[in-house]
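Student: Right, I'll just put the structure down here and ask away after.
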Amino acid sequence: MLFNRSYTTGHKAYRARSVVEIGNAVGWDNAHDVIYAGALDIAVGPRWHSVYEMACNVVTIFIEGKEVHAVPQAGTTERERALLAHTGTLNEDETDELIDALIREHEPAYIEKISALLLAGKSPRRIIDAIQLAGAQVVLETEGPNNFSMPQHTYEYCNTLGWFYDNFEHPQRLKLLYVAGSMVNQAAWNQRNSGWLKSDPIRAPSGAGRMSGNQIIERLETALAALDPAAAVAWTKAYLDSGEDRSLLVQRLALMAARFGNDPHNQEIPQCLLEDYAKNRCSDRDRLLLASAHISAAHRKYGDTFEASRRFGEAMGLTELQ
């Protein structure tokens with residue numbers, strides 16, 4: 001995967017989700033054009049069929065304890081389906097160990113870790129929570145506006161996978177944990193080997209502890225508008241440390257992400273991170289907010305970043321958008 005920038009699976013997964021949600025909203029009898037647009041989009045570009053094949057083999061080897069034969073796996077097994085019903089949660093150590101395997105170790109470390117958690121009775125949905133934190137950490141550590149292709153597509157897939165689990169009971173969905181794990185792992189090593197990762201301690205700015213929540217939010221928005229990711233993350237950390245109402249922080253991060261209005265591909269990622277913040281049950285889910293602030297400020301922008309926001313604000317009489 002090194003040097004491969006055609007990593008569109010995350011966006012395709014997200015747009016497939018959009019097809020479903022628009023179809024549900026307008027009624028499927030009225031959604032023919034939506035279906036045609038979505039089907040064509042999914043059919044174009046690289047797709048990770050070989051990784052899904054890997055996931056099928058992993059279930060056979062690590063979950064069933066059997067050897068892989070020339071005849072491909074068909075359907076699901078009773079044991080695989082039983083694991084989908086498990087409800088165990090991951091403690092902090094288990095979460096940290098899985099994240100480390102996903103983004104600091106090579107294969108098959110994350111495969112073995114996911115398999116061990118499943119066999120120990122952990123909920124597949126809660127394992128997704130930890131995978132999302134790993135994907136968010138890769139986003140958070142990425143430097144350079146042109147270097148987010150891999151981590152942003154990876155995170156978007158992790159977001160869509162959580163949505164898929166929350167809305168469907170597909171019998172094959174256990175295998176998708178390994179697909180997501182593979183994407184996170186390959187993205188992490190692509191970024192590291194390309195020299196695009198920087199892991200510095202995150203600290204609030206000096207004096208932030210004497211400020212009100214609204215004052216911190218003002219400085220956060222200034223940092224985002226200035227496209228200063230380090231400052232944006234630092235002020236987000238300051239707000240989290242303040243103990244103020246998190247809903248205001250989420251609201252302002254969402255608004256600022258939407259105001260960067262000239263590339264919906266990039267705007268989607270901060271919103272995905274914010275959506276998952278509301279659903280994720282890991283104790284360290286704050287890193288989703290830090291990653292949202294980071295990529296909003298850091299991702300590649302085109303032309304006049306706030307032109308669309310100003311035009312909308314002027315048309316609707318919304319001063320704060322102008």
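Going by the structure tokens order, chains are called A, B, ..., each with residues numbered from 1, while ligands are numbered from 1 in the order shown.
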Can you tell me, as a PyMOL selection string, which residues in region 157-319 of chain A count as helix (DSSP H, G or I) by DSSP?

Tutor: chain A and resi 157-167+173-193+208-210+213-225+229-242+246-259+264-279+286-298+307-316+319

Student: Using only C-alpha atoms, which residues sit within 10 Å of Ala37 (chain A) once same-chain residues fewer than 4 positions away are excluded, as a PyMOL selection string?

Tutor: chain A and resi 15-16+19+32-33+41-42

Student: Distance CA of Pro171 (chain A)-CA of Ser123 (chain A), one decimal place?

Tutor: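 CA of Ser123 (chain A) lies at a distance of 14.8 Å from CA of Pro171 (chain A).
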
Student: Considering only C-alpha atoms, state which residue in the set A:Ile202, A:Val20, A:Gly313, A:Thr87 is at the smallest distance from Phe168 (chain A).

Tutor: A:Val20

Student: So how many Å separate CA of Gly144 (chain A) and CA of Gln322 (chain A), to one decimal?

Tutor: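 The value is 27.7 Å.
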
Student: Would you please work out which residue, of A:Ser212, A:Phe164, A:Gly181, A:Ala187, is nearest to Ala109 (chain A) when using only C-alpha atoms?

Tutor: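 Using only C-alpha atoms, Ala109 (chain A) sits closest to A:Gly181.
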
Student: Which is closest to His86 (chain A) among A:Leu174, A:Ala130, A:Leu102, A:Ala136, if we use only C-alpha atoms?

Tutor: A:Leu174

Student: Pick out the closest residue to His170 (chain A) from this set: A:Gly27, A:Gly38, A:Gly75, A:Pro270. Count only C-alpha atoms.

Tutor: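 Among the listed residues, the smallest separation from His170 (chain A) belongs to A:Gly75.
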
Student: Residues at most 6 Å from region 282-294 of chain A, counting only C-alpha atoms, excluding those fewer than 2 positions away in the same chain, as an mmCIF file with C-alpha atoms, in the first residue's frame?

Tutor:
```cif
data_model
loop_
_atom_site.group_PDB
_atom_site.id
_atom_site.type_symbol
_atom_site.label_atom_id
_atom_site.label_comp_id
_atom_site.auth_asym_id
_atom_site.auth_seq_id
_atom_site.Cartn_x
_atom_site.Cartn_y
_atom_site.Cartn_z
ATOM 1 C CA ALA A 136 -8.632 8.939 14.507
ATOM 2 C CA LEU A 140 -4.429 13.339 14.425
ATOM 3 C CA PRO A 229 -3.915 22.703 13.098
ATOM 4 C CA ALA A 232 -6.761 24.282 16.823
ATOM 5 C CA VAL A 233 -5.924 21.033 18.605
ATOM 6 C CA PRO A 270 -14.678 16.087 10.681
ATOM 7 C CA LEU A 273 -15.560 12.106 13.788
ATOM 8 C CA ASN A 280 -18.421 5.816 20.827
ATOM 9 C CA SER A 296 -10.561 20.729 9.709
ATOM 10 C CA ALA A 297 -7.603 23.076 9.979
ATOM 11 C CA ALA A 298 -5.072 20.908 8.181
#
```

Student: Give me the residues within 9 Å of Asn159 (chain A) as a PyMOL selection string, counting only C-alpha atoms and dropping any in the same chain fewer than 5 places off.

Tutor: chain A and resi 10+14+128+132+154+164+272-273+275-276

Student: Please produce an output containing N, CA and C atoms for each residue in the selection, written as a tab-separated table (two decimals), in the first residue's frame.

Tutor:
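result.tsv was written with the following content:
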```
chain	number	residue	atom	x	y	z
A	10	GLY	N	-13.25	4.51	1.53
A	10	GLY	CA	-13.98	5.21	2.59
A	10	GLY	C	-15.07	6.10	2.05
A	14	TYR	N	-19.19	5.72	2.43
A	14	TYR	CA	-20.00	6.83	2.94
A	14	TYR	C	-21.10	7.21	1.95
A	128	ILE	N	-15.36	-2.02	17.23
A	128	ILE	CA	-15.37	-0.94	16.23
A	128	ILE	C	-15.05	0.39	16.90
A	132	GLN	N	-12.11	2.80	15.63
A	132	GLN	CA	-12.31	4.20	15.28
A	132	GLN	C	-11.30	5.10	15.98
A	154	THR	N	-9.69	6.05	5.38
A	154	THR	CA	-9.75	4.99	6.39
A	154	THR	C	-10.76	5.34	7.47
A	164	PHE	N	-23.25	0.92	9.79
A	164	PHE	CA	-23.76	-0.33	9.23
A	164	PHE	C	-24.16	-1.28	10.36
A	272	CYS	N	-17.85	13.10	10.41
A	272	CYS	CA	-17.86	11.68	10.79
A	272	CYS	C	-17.28	11.50	12.19
A	273	LEU	N	-16.19	12.19	12.47
A	273	LEU	CA	-15.56	12.11	13.79
A	273	LEU	C	-16.50	12.62	14.87
A	275	GLU	N	-19.84	12.72	14.70
A	275	GLU	CA	-20.94	11.76	14.83
A	275	GLU	C	-20.53	10.59	15.72
A	276	ASP	N	-19.33	10.09	15.50
A	276	ASP	CA	-18.88	8.95	16.28
A	276	ASP	C	-18.60	9.33	17.73
```

Student: In terms of the shortest atom-to-atom distance over only C-alpha atoms, which of A:Ala25, A:Ala31, A:Arg81, A:Val179 is closest to His49 (chain A)?

Tutor: A:Val179

Student: Excluding Thr77 (chain A) and residues on its chain fewer than 3 positions from it, collect all residues at most 10 Å away from it, counting only C-alpha atoms, and give them as a PyMOL selection string.

Tutor: chain A and resi 59-60+63-64+73-74+80-82+171-172

Student: Any idea what's packed within 9 Å of Ser182 (chain A), counting only C-alpha atoms, ignoring anything in its chain fewer than 6 positions away? Could you give it as a PyMOL selection string?

Tutor: chain A and resi 51+102+107+110-111
